[in-house]
$ cat structure.csv   # CSV, C-alpha atoms and all ligand atoms
chain,number,residue,atom,x,y,z
A,1,MET,CA,-36.8,17.8,17.8
A,2,SER,CA,-35.8,14.5,19.4
A,3,LYS,CA,-32.5,12.9,18.6
A,4,LYS,CA,-32.9,9.3,17.3
A,5,VAL,CA,-30.7,6.3,17.9
A,6,LEU,CA,-31.1,3.6,15.2
A,7,VAL,CA,-30.4,0.0,16.0
A,8,LEU,CA,-29.6,-2.1,12.9
A,9,ALA,CA,-27.5,-4.9,14.5
A,10,THR,CA,-29.4,-8.0,13.5
A,11,SER,CA,-28.8,-10.0,16.7
A,12,PHE,CA,-29.2,-7.1,19.1
A,13,LEU,CA,-32.5,-8.4,20.5
A,14,ASP,CA,-31.7,-12.1,20.2
A,15,SER,CA,-32.5,-14.5,23.0
A,16,LEU,CA,-29.6,-15.9,24.8
A,17,VAL,CA,-29.8,-19.6,25.5
A,18,SER,CA,-26.7,-20.1,27.6
A,19,HIS,CA,-26.6,-16.7,29.4
A,20,PRO,CA,-30.3,-15.9,29.9
A,21,ALA,CA,-29.6,-13.5,32.8
A,22,LYS,CA,-27.8,-11.1,30.4
A,23,GLU,CA,-30.7,-11.1,27.9
A,24,GLY,CA,-32.1,-7.7,27.2
A,25,GLN,CA,-29.4,-5.9,29.2
A,26,ALA,CA,-28.3,-3.7,26.3
A,27,LYS,CA,-32.0,-2.8,25.4
A,28,LYS,CA,-32.5,-1.8,29.1
A,29,MET,CA,-29.5,0.5,28.8
A,30,LEU,CA,-31.1,2.2,25.8
A,31,ASP,CA,-34.6,2.3,27.4
A,32,GLU,CA,-33.1,4.1,30.4
A,33,LEU,CA,-31.3,6.5,28.1
A,34,ALA,CA,-34.6,7.4,26.4
A,35,GLU,CA,-36.6,7.5,29.7
A,36,ASN,CA,-34.2,9.9,31.3
A,37,SER,CA,-34.0,12.3,28.4
A,38,ASN,CA,-37.3,14.1,28.8
A,39,GLY,CA,-38.4,12.9,25.4
A,40,GLU,CA,-35.3,14.2,23.7
A,41,ILE,CA,-33.9,10.8,22.7
A,42,GLU,CA,-35.9,8.1,20.8
A,43,ILE,CA,-34.7,4.6,20.0
A,44,ILE,CA,-35.7,2.9,16.8
A,45,TYR,CA,-35.1,-0.8,16.3
A,46,ARG,CA,-34.8,-2.1,12.7
A,47,CYS,CA,-32.9,-5.3,13.6
A,48,GLU,CA,-34.7,-7.2,10.8
A,49,ARG,CA,-33.0,-5.1,8.1
A,50,ASN,CA,-30.8,-7.1,5.8
A,51,PRO,CA,-27.2,-5.8,6.1
A,52,GLU,CA,-26.6,-6.8,2.5
A,53,GLU,CA,-29.1,-4.2,1.3
A,54,PRO,CA,-27.5,-0.9,0.4
A,55,LEU,CA,-28.3,1.9,2.8
A,56,ARG,CA,-30.6,4.8,1.7
A,57,VAL,CA,-30.2,8.4,2.8
A,58,GLU,CA,-33.9,8.5,3.9
A,59,GLU,CA,-33.2,5.9,6.5
A,60,PHE,CA,-31.0,8.4,8.4
A,61,GLU,CA,-33.5,11.2,8.7
A,62,ASN,CA,-32.9,12.8,12.2
A,63,ILE,CA,-30.7,9.8,13.2
A,64,THR,CA,-27.9,10.9,15.5
A,65,ALA,CA,-26.3,7.5,16.2
A,66,VAL,CA,-26.6,4.1,14.7
A,67,ILE,CA,-25.6,0.7,16.2
A,68,ALA,CA,-24.3,-0.8,12.9
A,69,ASP,CA,-24.1,-4.3,11.6
A,70,LEU,CA,-22.1,-5.0,8.4
A,71,GLU,CA,-24.1,-2.7,6.1
A,72,LYS,CA,-21.9,-0.4,4.1
A,73,TYR,CA,-21.2,3.2,5.0
A,74,ASP,CA,-19.4,4.5,1.9
A,75,ARG,CA,-18.3,8.0,1.1
A,76,LYS,CA,-21.3,8.8,-1.0
A,77,LEU,CA,-23.7,7.9,1.8
A,78,LEU,CA,-21.6,9.7,4.5
A,79,SER,CA,-21.4,12.8,2.3
A,80,GLN,CA,-25.2,13.0,2.6
A,81,VAL,CA,-25.9,11.9,6.1
A,82,GLY,CA,-22.9,13.1,8.1
A,83,VAL,CA,-23.4,16.0,10.4
A,84,LYS,CA,-20.7,18.1,8.6
A,85,ALA,CA,-22.5,17.5,5.3
A,86,GLY,CA,-25.8,19.0,6.7
A,87,GLY,CA,-27.2,15.6,7.8
A,88,SER,CA,-27.7,14.5,11.4
A,89,LEU,CA,-25.5,11.4,11.8
A,90,GLU,CA,-22.7,11.9,14.4
A,91,LEU,CA,-21.9,8.3,15.6
A,92,ILE,CA,-21.6,4.9,14.0
A,93,ALA,CA,-21.2,2.4,16.8
A,94,ARG,CA,-20.0,-0.8,15.1
A,95,TYR,CA,-21.6,-3.9,16.6
A,96,GLY,CA,-18.3,-5.9,16.5
A,97,ILE,CA,-14.6,-5.4,16.1
A,98,GLY,CA,-14.2,-5.0,12.4
A,99,TYR,CA,-15.0,-1.8,10.6
A,100,SER,CA,-14.1,-2.6,7.0
A,101,SER,CA,-17.8,-1.8,6.2
A,102,VAL,CA,-17.2,1.9,7.1
A,103,ASP,CA,-15.1,4.3,5.1
A,104,ILE,CA,-13.3,5.7,8.1
A,105,LYS,CA,-11.7,8.6,6.2
A,106,ALA,CA,-15.0,9.7,4.8
A,107,ALA,CA,-16.6,9.4,8.2
A,108,THR,CA,-13.9,11.6,9.7
A,109,ASP,CA,-14.4,14.1,6.8
A,110,TYR,CA,-18.1,14.3,7.4
A,111,GLY,CA,-18.0,14.5,11.2
A,112,VAL,CA,-19.1,11.0,12.0
A,113,MET,CA,-17.3,9.3,14.9
A,114,VAL,CA,-16.8,5.5,14.6
A,115,THR,CA,-16.5,3.2,17.6
A,116,ASN,CA,-16.0,-0.5,17.8
A,117,CYS,CA,-15.9,-3.3,20.4
A,118,PRO,CA,-12.4,-4.7,20.7
A,119,GLY,CA,-12.2,-8.0,22.5
A,120,CYS,CA,-16.0,-8.4,22.9
A,121,ASN,CA,-16.1,-11.6,20.8
A,122,ALA,CA,-12.5,-12.6,20.7
A,123,LEU,CA,-12.8,-16.0,22.4
A,124,PRO,CA,-15.8,-17.2,20.4
A,125,THR,CA,-13.9,-16.2,17.2
A,126,ALA,CA,-10.7,-18.0,18.3
A,127,GLU,CA,-12.8,-21.1,19.1
A,128,TRP,CA,-14.3,-21.0,15.6
A,129,THR,CA,-10.8,-20.6,14.0
A,130,HIS,CA,-9.6,-23.6,16.0
A,131,SER,CA,-12.5,-25.7,14.7
A,132,THR,CA,-12.0,-24.5,11.1
A,133,ILE,CA,-8.3,-25.4,11.2
A,134,LEU,CA,-9.2,-29.0,12.3
A,135,ASP,CA,-12.0,-29.3,9.8
A,136,VAL,CA,-9.8,-28.2,6.9
A,137,ALA,CA,-7.0,-30.5,8.0
A,138,GLY,CA,-9.5,-33.3,8.3
A,139,ARG,CA,-11.4,-32.6,5.1
A,140,ARG,CA,-14.5,-32.8,7.2
A,141,ILE,CA,-17.0,-31.5,4.7
A,142,SER,CA,-15.8,-33.8,1.9
A,143,LEU,CA,-15.9,-36.8,4.4
A,144,TYR,CA,-19.3,-35.7,5.6
A,145,ARG,CA,-20.7,-35.7,2.0
A,146,THR,CA,-19.5,-39.2,1.2
A,147,ALA,CA,-20.3,-40.7,4.6
A,148,SER,CA,-23.8,-39.2,4.7
A,149,GLN,CA,-24.5,-40.6,1.2
A,150,GLY,CA,-23.5,-44.1,2.5
A,151,LYS,CA,-20.3,-44.1,0.5
A,152,PRO,CA,-16.8,-45.1,1.7
A,153,LYS,CA,-14.1,-42.5,2.2
A,154,GLU,CA,-12.5,-40.9,-0.9
A,155,GLY,CA,-9.4,-38.9,-1.4
A,156,PRO,CA,-6.2,-38.5,0.7
A,157,SER,CA,-6.1,-39.2,4.5
A,158,ARG,CA,-6.3,-36.4,7.1
A,159,LEU,CA,-3.4,-34.1,7.9
A,160,ASP,CA,-1.8,-34.1,11.4
A,161,ILE,CA,-1.8,-30.9,13.4
A,162,SER,CA,0.5,-31.8,16.2
A,163,GLY,CA,4.1,-30.9,15.8
A,164,LYS,CA,3.5,-28.7,12.8
A,165,THR,CA,4.4,-25.1,12.2
A,166,LEU,CA,1.6,-22.6,13.0
A,167,GLY,CA,1.8,-19.2,11.3
A,168,ILE,CA,-0.3,-16.4,12.8
A,169,ILE,CA,-0.8,-13.3,10.7
A,170,GLY,CA,-2.1,-10.6,13.0
A,171,THR,CA,-1.2,-11.2,16.6
A,172,GLY,CA,-3.9,-9.0,18.4
A,173,LEU,CA,-6.5,-10.4,20.7
A,174,ILE,CA,-7.8,-13.2,18.5
A,175,GLY,CA,-4.5,-14.3,17.1
A,176,LYS,CA,-3.1,-14.6,20.7
A,177,LEU,CA,-6.2,-16.6,21.8
A,178,VAL,CA,-5.8,-18.9,18.9
A,179,LEU,CA,-2.3,-19.7,20.0
A,180,LYS,CA,-3.6,-20.3,23.6
A,181,LEU,CA,-6.2,-22.7,22.3
A,182,MET,CA,-3.7,-24.5,20.1
A,183,LYS,CA,-1.0,-25.0,22.7
A,184,GLY,CA,-1.9,-28.7,23.3
A,185,TYR,CA,-0.7,-29.5,19.7
A,186,GLU,CA,2.8,-28.5,20.5
A,187,THR,CA,3.3,-26.6,17.3
A,188,LYS,CA,6.2,-24.4,16.5
A,189,VAL,CA,4.8,-20.9,16.2
A,190,ILE,CA,5.8,-18.2,13.7
A,191,ALA,CA,4.0,-14.9,13.3
A,192,TYR,CA,3.7,-11.7,11.3
A,193,ASP,CA,2.2,-8.4,12.4
A,194,LEU,CA,2.7,-4.8,11.4
A,195,TYR,CA,3.2,-4.1,15.1
A,196,PRO,CA,4.9,-7.1,16.7
A,197,ASP,CA,4.3,-7.7,20.4
A,198,LYS,CA,7.8,-8.8,21.4
A,199,ASN,CA,7.0,-9.5,25.0
A,200,TRP,CA,4.3,-11.8,24.1
A,201,ALA,CA,6.5,-13.5,21.5
A,202,ASN,CA,9.3,-14.0,24.1
A,203,GLU,CA,6.8,-15.4,26.7
A,204,ASN,CA,5.3,-17.8,24.2
A,205,ASN,CA,8.3,-18.8,22.2
A,206,VAL,CA,6.9,-17.2,19.0
A,207,GLU,CA,9.2,-16.0,16.2
A,208,TYR,CA,8.2,-13.0,14.2
A,209,ILE,CA,9.2,-13.2,10.5
A,210,ASN,CA,8.1,-11.5,7.4
A,211,MET,CA,4.9,-12.4,5.6
A,212,ASN,CA,6.4,-14.2,2.6
A,213,GLU,CA,8.7,-16.3,4.8
A,214,LEU,CA,5.7,-17.2,6.9
A,215,CYS,CA,3.8,-18.3,3.9
A,216,GLN,CA,6.7,-20.4,2.7
A,217,THR,CA,7.3,-22.1,6.1
A,218,ALA,CA,4.0,-22.5,8.0
A,219,ASP,CA,1.9,-25.6,7.7
A,220,ILE,CA,-1.1,-23.9,9.1
A,221,ILE,CA,-1.7,-20.2,8.3
A,222,THR,CA,-4.4,-18.4,10.2
A,223,LEU,CA,-5.3,-14.8,9.6
A,224,HIS,CA,-6.3,-12.3,12.3
A,225,ALA,CA,-5.0,-9.0,11.0
A,226,ALA,CA,-7.3,-6.1,11.4
A,227,ALA,CA,-6.6,-5.0,7.8
A,228,THR,CA,-9.2,-3.8,5.4
A,229,GLU,CA,-7.5,-4.8,2.2
A,230,THR,CA,-6.2,-8.1,0.6
A,231,ILE,CA,-2.9,-9.1,2.2
A,232,ILE,CA,-2.7,-12.7,0.9
A,233,THR,CA,-2.6,-12.4,-2.9
A,234,ARG,CA,-1.7,-15.0,-5.5
A,235,GLU,CA,2.0,-14.2,-4.9
A,236,GLN,CA,1.8,-15.3,-1.2
A,237,ILE,CA,-0.4,-18.4,-2.1
A,238,ASP,CA,2.2,-19.5,-4.7
A,239,LEU,CA,4.8,-19.6,-1.9
A,240,MET,CA,2.7,-22.1,0.2
A,241,LYS,CA,3.1,-25.9,0.4
A,242,GLN,CA,0.9,-28.5,-1.1
A,243,THR,CA,-0.1,-29.4,2.5
A,244,THR,CA,-0.7,-25.8,3.7
A,245,ILE,CA,-3.9,-25.3,5.6
A,246,LEU,CA,-5.1,-21.7,5.0
A,247,VAL,CA,-7.7,-20.3,7.4
A,248,ASN,CA,-9.3,-16.8,7.4
A,249,CYS,CA,-11.7,-16.2,10.2
A,250,ALA,CA,-11.0,-12.5,10.1
A,251,ARG,CA,-12.5,-10.8,7.0
A,252,GLY,CA,-13.0,-12.4,3.6
A,253,ILE,CA,-11.3,-9.5,1.9
A,254,LEU,CA,-7.9,-10.4,3.4
A,255,VAL,CA,-7.4,-13.3,1.0
A,256,ASP,CA,-7.7,-13.2,-2.8
A,257,TYR,CA,-10.4,-15.8,-2.9
A,258,GLN,CA,-10.0,-16.6,-6.6
A,259,ALA,CA,-6.3,-17.4,-6.0
A,260,ALA,CA,-7.1,-19.5,-3.0
A,261,TYR,CA,-9.9,-21.3,-4.9
A,262,ASN,CA,-7.6,-22.1,-7.8
A,263,ALA,CA,-4.8,-23.3,-5.5
A,264,VAL,CA,-7.1,-25.7,-3.7
A,265,LYS,CA,-8.6,-26.9,-7.0
A,266,GLU,CA,-5.2,-27.5,-8.6
A,267,ARG,CA,-4.0,-29.1,-5.3
A,268,LYS,CA,-1.3,-26.5,-4.8
A,269,ILE,CA,-2.5,-26.0,-1.2
A,270,TRP,CA,-4.4,-28.5,1.1
A,271,GLY,CA,-7.5,-26.4,1.8
A,272,TYR,CA,-9.0,-23.1,2.6
A,273,GLY,CA,-11.4,-22.2,5.4
A,274,VAL,CA,-13.1,-18.8,5.4
A,275,ASP,CA,-15.7,-17.4,7.7
A,276,GLU,CA,-17.6,-15.5,5.0
A,277,ILE,CA,-20.5,-16.3,2.7
A,278,TRP,CA,-19.2,-17.6,-0.7
A,279,GLN,CA,-20.6,-15.0,-3.1
A,280,ASP,CA,-19.0,-16.2,-6.4
A,281,LYS,CA,-21.4,-18.7,-8.0
A,282,SER,CA,-19.0,-19.1,-11.0
A,283,LEU,CA,-16.6,-20.9,-8.6
A,284,PRO,CA,-18.5,-23.9,-7.3
A,285,LEU,CA,-17.2,-25.5,-4.1
A,286,GLU,CA,-18.6,-29.0,-4.6
A,287,GLY,CA,-15.9,-31.6,-4.1
A,288,LEU,CA,-13.2,-29.1,-2.9
A,289,ASN,CA,-11.6,-28.8,0.5
A,290,ILE,CA,-12.9,-25.3,1.0
A,291,ILE,CA,-15.0,-24.6,4.1
A,292,VAL,CA,-17.1,-21.6,4.3
A,293,SER,CA,-19.4,-20.2,7.0
A,294,SER,CA,-21.6,-17.1,7.2
A,295,HIS,CA,-19.3,-14.9,9.4
A,296,VAL,CA,-20.4,-16.7,12.5
A,297,GLY,CA,-17.1,-16.5,14.4
A,298,SER,CA,-18.5,-14.2,17.1
A,299,ASP,CA,-22.0,-15.7,16.9
A,300,THR,CA,-22.3,-17.2,20.3
A,301,ASP,CA,-24.2,-15.9,23.3
A,302,LYS,CA,-21.0,-14.7,24.9
A,303,GLY,CA,-20.0,-12.9,21.6
A,304,LYS,CA,-23.5,-11.3,21.3
A,305,ILE,CA,-23.5,-10.1,24.9
A,306,GLY,CA,-20.1,-8.4,24.4
A,307,MET,CA,-21.2,-6.7,21.1
A,308,GLN,CA,-24.6,-5.6,22.5
A,309,ILE,CA,-23.2,-4.1,25.7
A,310,MET,CA,-20.1,-2.5,24.3
A,311,SER,CA,-21.8,-0.9,21.2
A,312,THR,CA,-24.6,0.3,23.5
A,313,GLN,CA,-22.2,1.8,26.0
A,314,ALA,CA,-20.6,3.8,23.2
A,315,VAL,CA,-24.0,5.2,22.2
A,316,VAL,CA,-25.0,6.0,25.9
A,317,ASP,CA,-21.7,7.7,26.5
A,318,PHE,CA,-21.9,9.7,23.3
A,319,MET,CA,-25.5,10.8,23.9
A,320,LYS,CA,-24.6,11.9,27.4
A,321,GLY,CA,-21.7,14.0,26.0
A,322,LYS,CA,-18.9,11.7,27.2
A,323,THR,CA,-16.1,10.4,24.9
A,324,PRO,CA,-16.8,6.7,24.1
A,325,GLN,CA,-13.9,4.4,25.1
A,326,TYR,CA,-13.1,2.7,21.8
A,327,ILE,CA,-12.9,5.1,18.9
A,328,VAL,CA,-11.6,4.1,15.5
A,329,ARG,CA,-9.1,6.8,14.5
A,330,LEU,CA,-7.2,7.5,11.4
A,331,LEU,CA,-3.5,7.1,12.0
A,332,GLN,CA,-1.0,8.0,9.2
A,333,ASN,CA,-3.8,7.4,6.7
A,334,LYS,CA,-4.4,3.9,8.1
A,335,GLU,CA,-7.3,3.1,10.3
A,336,LEU,CA,-6.5,1.5,13.5
A,337,GLY,CA,-9.0,0.5,16.2
A,338,LYS,CA,-7.3,2.0,19.3
A,339,LYS,CA,-8.2,1.7,22.8
A,340,GLU,CA,-8.9,5.2,24.0
A,341,GLU,CA,-9.2,5.8,27.7
A,342,ALA,CA,-12.2,8.0,28.3
A,343,LYS,CA,-11.0,11.5,29.1
A,401,LIG,N1,-15.3,-14.0,12.0
A,401,LIG,C1,-15.8,-13.2,12.9
A,401,LIG,O1,-17.0,-13.3,13.3
A,401,LIG,C2,-14.9,-12.1,13.5
A,401,LIG,C3,-15.2,-11.7,14.8
A,401,LIG,C4,-14.4,-10.8,15.4
A,401,LIG,C5,-13.3,-10.3,14.7
A,401,LIG,N2,-13.1,-10.7,13.5
A,401,LIG,C6,-11.9,-10.1,12.7
A,401,LIG,O2,-10.8,-10.6,13.3
A,401,LIG,C7,-9.7,-9.7,13.0
A,401,LIG,C8,-8.8,-9.6,14.3
A,401,LIG,O3,-9.5,-9.1,15.4
A,401,LIG,P1,-8.8,-8.8,16.8
A,401,LIG,O4,-9.8,-8.5,17.8
A,401,LIG,O5,-7.8,-9.8,17.1
A,401,LIG,O6,-8.1,-7.4,16.4
A,401,LIG,P2,-6.9,-6.7,17.1
A,401,LIG,O7,-7.0,-5.2,16.8
A,401,LIG,O8,-6.7,-7.1,18.6
A,401,LIG,O9,-5.6,-7.3,16.4
A,401,LIG,C9,-5.4,-7.1,15.0
A,401,LIG,C10,-3.9,-7.2,14.7
A,401,LIG,O10,-3.7,-7.1,13.3
A,401,LIG,C11,-2.5,-6.3,13.1
A,401,LIG,N3,-2.6,-5.8,11.7
A,401,LIG,C12,-3.4,-4.8,11.2
A,401,LIG,N4,-3.1,-4.7,9.9
A,401,LIG,C13,-2.2,-5.6,9.6
A,401,LIG,C14,-1.6,-6.0,8.4
A,401,LIG,N5,-1.9,-5.4,7.2
A,401,LIG,N6,-0.7,-7.1,8.4
A,401,LIG,C15,-0.4,-7.7,9.6
A,401,LIG,N7,-1.0,-7.4,10.7
A,401,LIG,C16,-1.9,-6.4,10.7
A,401,LIG,C17,-2.6,-5.2,14.2
A,401,LIG,O11,-1.3,-4.7,14.4
A,401,LIG,C18,-3.1,-6.0,15.4
A,401,LIG,O12,-2.0,-6.6,16.1
A,401,LIG,C19,-10.4,-8.4,12.6
A,401,LIG,O13,-10.2,-8.3,11.2
A,401,LIG,C20,-11.8,-8.6,12.9
A,401,LIG,O14,-12.6,-7.9,11.9
A,401,LIG,C21,-13.9,-11.6,12.9
$ encode --input "structure.csv" --output "structure tokens"
Amino acid sequence: MSKKVLVLATSFLDSLVSHPAKEGQAKKMLDELAENSNGEIEIIYRCERNPEEPLRVEEFENITAVIADLEKYDRKLLSQVGVKAGGSLELIARYGIGYSSVDIKAATDYGVMVTNCPGCNALPTAEWTHSTILDVAGRRISLYRTASQGKPKEGPSRLDISGKTLGIIGTGLIGKLVLKLMKGYETKVIAYDLYPDKNWANENNVEYINMNELCQTADIITLHAAATETIITREQIDLMKQTTILVNCARGILVDYQAAYNAVKERKIWGYGVDEIWQDKSLPLEGLNIIVSSHVGSDTDKGKIGMQIMSTQAVVDFMKGKTPQYIVRLLQNKELGKKEEAK
């Protein structure tokens, strides 16, 4: 029986406007894999599948590897489709960096390897973060609403960025690139990370401090931690200033959105920018300095090329019996995306 690779990443086959020469490169890699397998490997594209829809066990019949978007792989599903549970699934190649949509512990328990694509879309996401910081500082959405309705400006003036204190939570690839892009503003930079990079801090005049101190001190707080739980709760938000700009272009879950909403509404912080769809209809955004976007940080041609080729490379390596380069492993009961040199 042939082994099947399922492609669920929604933008896997998208056209590339600014890098047309790279268009279809990942698909070619999969085509070659199938062609050279004497009919043993089959590729199935279901890119139109909505990642919000819960996965069903039947979708994984004879599927060995999946190129996964943000659909949820929870313990219940993995306990039915994983190879150690009598299913066929052996590899989830995440199409992106984050893997909060996959229960890594359950994947490990049921014999499913998980890979990700560190760095593939870091620059586009840093650019989006930069623009979100400026838009929250400038109350751009509120100003757009009034101006587009032919009305004069309302509310307080814009906030300056230059010379302020920038607080970066999570100083991995994206956090570092955000600092690089923000250098022209001559901000003082403070940071928090579970694993501080002291060399980088010395070279860039960055001071690592603890999270609560950062929340108290920073004027602009930007989140880039690869965490899978809420790390900015009401307690941290209560420490912030009335003029704090809070931006989360990592994962929605990192911030207690209800606490952020209330703080903006009650004018306890300046504004909140988050690169996630706002799901809670009971908290209307109209008139508030809260900017949301539909997780588009990496959604540029450059970001897509990176995700397409890196996730595909993981599948090709795995199907050829090689160890993929970027495996998400459990470390002291915490998941960390670690660069693994292929052995
Ligand atoms: N908006 C988007 O479209 C988009 C695109 C790409 C990545 N992301 C998200 O951006 C985040 C960062 O990506 P990256 O490529 O810079 O990752 P990275 O692995 O290079 O860096 C993440 C950093 O977070 C730190 N960290 C992990 N848990 C932490 C915690 N609880 N508190 C403080 N620091 C912690 C790690 O030590 C590491 O330095 C990820 O959450 C990823 O999912 C979003």
$ closest_atom_pairs --input "structure.csv" --of "chain A" --to "ligand LIG 401 (chain A)" --cutoff "8 Å" --atoms "all atoms listed in the file" --output "tab-separated table"
residue	atom	partner	partner_atom	distance
A:Gly96	CA	A:LIG401	C4	6.4
A:Ile97	CA	A:LIG401	C5	5.3
A:Gly98	CA	A:LIG401	O14	3.3
A:Tyr99	CA	A:LIG401	O14	6.7
A:Ser100	CA	A:LIG401	O14	7.4
A:Pro118	CA	A:LIG401	O4	5.4
A:Gly119	CA	A:LIG401	O4	5.3
A:Asn121	CA	A:LIG401	C4	5.7
A:Ala122	CA	A:LIG401	O4	5.7
A:Pro124	CA	A:LIG401	C3	7.9
A:Thr125	CA	A:LIG401	C3	5.3
A:Trp128	CA	A:LIG401	N1	7.9
A:Ile169	CA	A:LIG401	C15	5.7
A:Gly170	CA	A:LIG401	O10	3.9
A:Thr171	CA	A:LIG401	O12	4.7
A:Gly172	CA	A:LIG401	O9	3.1
A:Leu173	CA	A:LIG401	O5	3.9
A:Ile174	CA	A:LIG401	O5	3.7
A:Gly175	CA	A:LIG401	O5	5.6
A:Lys176	CA	A:LIG401	O5	7.6
A:Tyr192	CA	A:LIG401	C15	6.0
A:Asp193	CA	A:LIG401	N7	3.8
A:Leu194	CA	A:LIG401	N7	4.6
A:Tyr195	CA	A:LIG401	O11	4.6
A:Pro196	CA	A:LIG401	O12	6.9
A:Asp197	CA	A:LIG401	O12	7.7
A:Leu223	CA	A:LIG401	C7	7.5
A:His224	CA	A:LIG401	C8	4.2
A:Ala225	CA	A:LIG401	O10	3.3
A:Ala226	CA	A:LIG401	O13	3.6
A:Ala227	CA	A:LIG401	N4	4.1
A:Thr228	CA	A:LIG401	O13	7.4
A:Glu229	CA	A:LIG401	N5	7.5
A:Ile231	CA	A:LIG401	N5	6.3
A:Cys249	CA	A:LIG401	N1	4.6
A:Ala250	CA	A:LIG401	C6	3.7
A:Arg251	CA	A:LIG401	O13	5.4
A:Asp275	CA	A:LIG401	N1	5.5
A:Glu276	CA	A:LIG401	N1	7.5
A:His295	CA	A:LIG401	O1	4.8
A:Val296	CA	A:LIG401	O1	4.9
A:Gly297	CA	A:LIG401	O1	3.4
A:Ser298	CA	A:LIG401	O1	4.2
A:Asp299	CA	A:LIG401	O1	6.6
A:Leu336	CA	A:LIG401	C12	7.4
A:Gly337	CA	A:LIG401	O7	6.1
A:Lys338	CA	A:LIG401	O7	7.6
$ atom_distance --input "structure.csv" --atom1 "CA of Asn62 in chain A" --atom2 "CA of Gln313 in chain A"
20.6 Å
$ atom_distance --input "structure.csv" --atom1 "CA of Lys183 in chain A" --atom2 "CA of Gly303 in chain A"
22.6 Å
$ atom_distance --input "structure.csv" --atom1 "CA of Leu89 in chain A" --atom2 "CA of Asn50 in chain A"
20.2 Å
$ closest_residue --input "structure.csv" --among "A:Ile141, A:Ala9, A:Cys120, A:Ala107" --to "Lys302 in chain A" --atoms "all atoms listed in the file"
A:Cys120
$ residues_around --input "structure.csv" --residues "range 21-31 of chain A" --least-positions-apart "5" --cutoff "10 Å" --atoms "only C-alpha atoms" --output "list in words"
Val5, Val7, Phe12, Leu13, Asp14, Ser15, Leu16, Asn36, Ile41, Glu42, Ile43, Tyr45, Asp301, Lys302, Lys304, Ile305, Gly306, Met307, Gln308, Ile309, Met310, Ser311, Thr312, Gln313, Val315 and Val316 of chain A
$ write_last_selection --input "structure.csv" --atoms "C-alpha atoms" --output "mmCIF file, in the frame of the given file"
data_model
loop_
_atom_site.group_PDB
_atom_site.id
_atom_site.type_symbol
_atom_site.label_atom_id
_atom_site.label_comp_id
_atom_site.auth_asym_id
_atom_site.auth_seq_id
_atom_site.Cartn_x
_atom_site.Cartn_y
_atom_site.Cartn_z
ATOM 1 C CA VAL A 5 -30.700 6.300 17.900
ATOM 2 C CA VAL A 7 -30.400 0.000 16.000
ATOM 3 C CA PHE A 12 -29.200 -7.100 19.100
ATOM 4 C CA LEU A 13 -32.500 -8.400 20.500
ATOM 5 C CA ASP A 14 -31.700 -12.100 20.200
ATOM 6 C CA SER A 15 -32.500 -14.500 23.000
ATOM 7 C CA LEU A 16 -29.600 -15.900 24.800
ATOM 8 C CA ASN A 36 -34.200 9.900 31.300
ATOM 9 C CA ILE A 41 -33.900 10.800 22.700
ATOM 10 C CA GLU A 42 -35.900 8.100 20.800
ATOM 11 C CA ILE A 43 -34.700 4.600 20.000
ATOM 12 C CA TYR A 45 -35.100 -0.800 16.300
ATOM 13 C CA ASP A 301 -24.200 -15.900 23.300
ATOM 14 C CA LYS A 302 -21.000 -14.700 24.900
ATOM 15 C CA LYS A 304 -23.500 -11.300 21.300
ATOM 16 C CA ILE A 305 -23.500 -10.100 24.900
ATOM 17 C CA GLY A 306 -20.100 -8.400 24.400
ATOM 18 C CA MET A 307 -21.200 -6.700 21.100
ATOM 19 C CA GLN A 308 -24.600 -5.600 22.500
ATOM 20 C CA ILE A 309 -23.200 -4.100 25.700
ATOM 21 C CA MET A 310 -20.100 -2.500 24.300
ATOM 22 C CA SER A 311 -21.800 -0.900 21.200
ATOM 23 C CA THR A 312 -24.600 0.300 23.500
ATOM 24 C CA GLN A 313 -22.200 1.800 26.000
ATOM 25 C CA VAL A 315 -24.000 5.200 22.200
ATOM 26 C CA VAL A 316 -25.000 6.000 25.900
#
$ closest_residue --input "structure.csv" --among "A:Leu33, A:Leu239, A:Leu177, A:Val66" --to "Lys320 in chain A" --atoms "all atoms listed in the file"
A:Leu33
$ closest_residue --input "structure.csv" --among "A:Thr132, A:Thr300, A:Met319, A:Ala68" --to "Asn116 in chain A" --atoms "only C-alpha atoms"
A:Ala68
$ residues_around --input "structure.csv" --residues "Ala65 in chain A" --least-positions-apart "2" --cutoff "7 Å" --atoms "only C-alpha atoms" --output "mmCIF file with C-alpha atoms, keeping the file's coordinate frame"
data_model
loop_
_atom_site.group_PDB
_atom_site.id
_atom_site.type_symbol
_atom_site.label_atom_id
_atom_site.label_comp_id
_atom_site.auth_asym_id
_atom_site.auth_seq_id
_atom_site.Cartn_x
_atom_site.Cartn_y
_atom_site.Cartn_z
ATOM 1 C CA LYS A 4 -32.900 9.300 17.300
ATOM 2 C CA VAL A 5 -30.700 6.300 17.900
ATOM 3 C CA LEU A 6 -31.100 3.600 15.200
ATOM 4 C CA ILE A 63 -30.700 9.800 13.200
ATOM 5 C CA ILE A 67 -25.600 0.700 16.200
ATOM 6 C CA LEU A 89 -25.500 11.400 11.800
ATOM 7 C CA GLU A 90 -22.700 11.900 14.400
ATOM 8 C CA LEU A 91 -21.900 8.300 15.600
ATOM 9 C CA ILE A 92 -21.600 4.900 14.000
ATOM 10 C CA VAL A 315 -24.000 5.200 22.200
#
$ decode --input "structure.csv" --residues "range 150-156 of chain A" --atoms "C-alpha atoms" --output "mmCIF file, in the first residue's frame"
data_model
loop_
_atom_site.group_PDB
_atom_site.id
_atom_site.type_symbol
_atom_site.label_atom_id
_atom_site.label_comp_id
_atom_site.auth_asym_id
_atom_site.auth_seq_id
_atom_site.Cartn_x
_atom_site.Cartn_y
_atom_site.Cartn_z
ATOM 1 C CA GLY A 150 -15.320 62.928 6.631
ATOM 2 C CA LYS A 151 -15.027 63.806 10.341
ATOM 3 C CA PRO A 152 -12.218 65.758 12.068
ATOM 4 C CA LYS A 153 -9.802 63.993 14.400
ATOM 5 C CA GLU A 154 -11.040 62.810 17.779
ATOM 6 C CA GLY A 155 -9.272 61.749 20.957
ATOM 7 C CA PRO A 156 -5.698 62.235 22.130
#
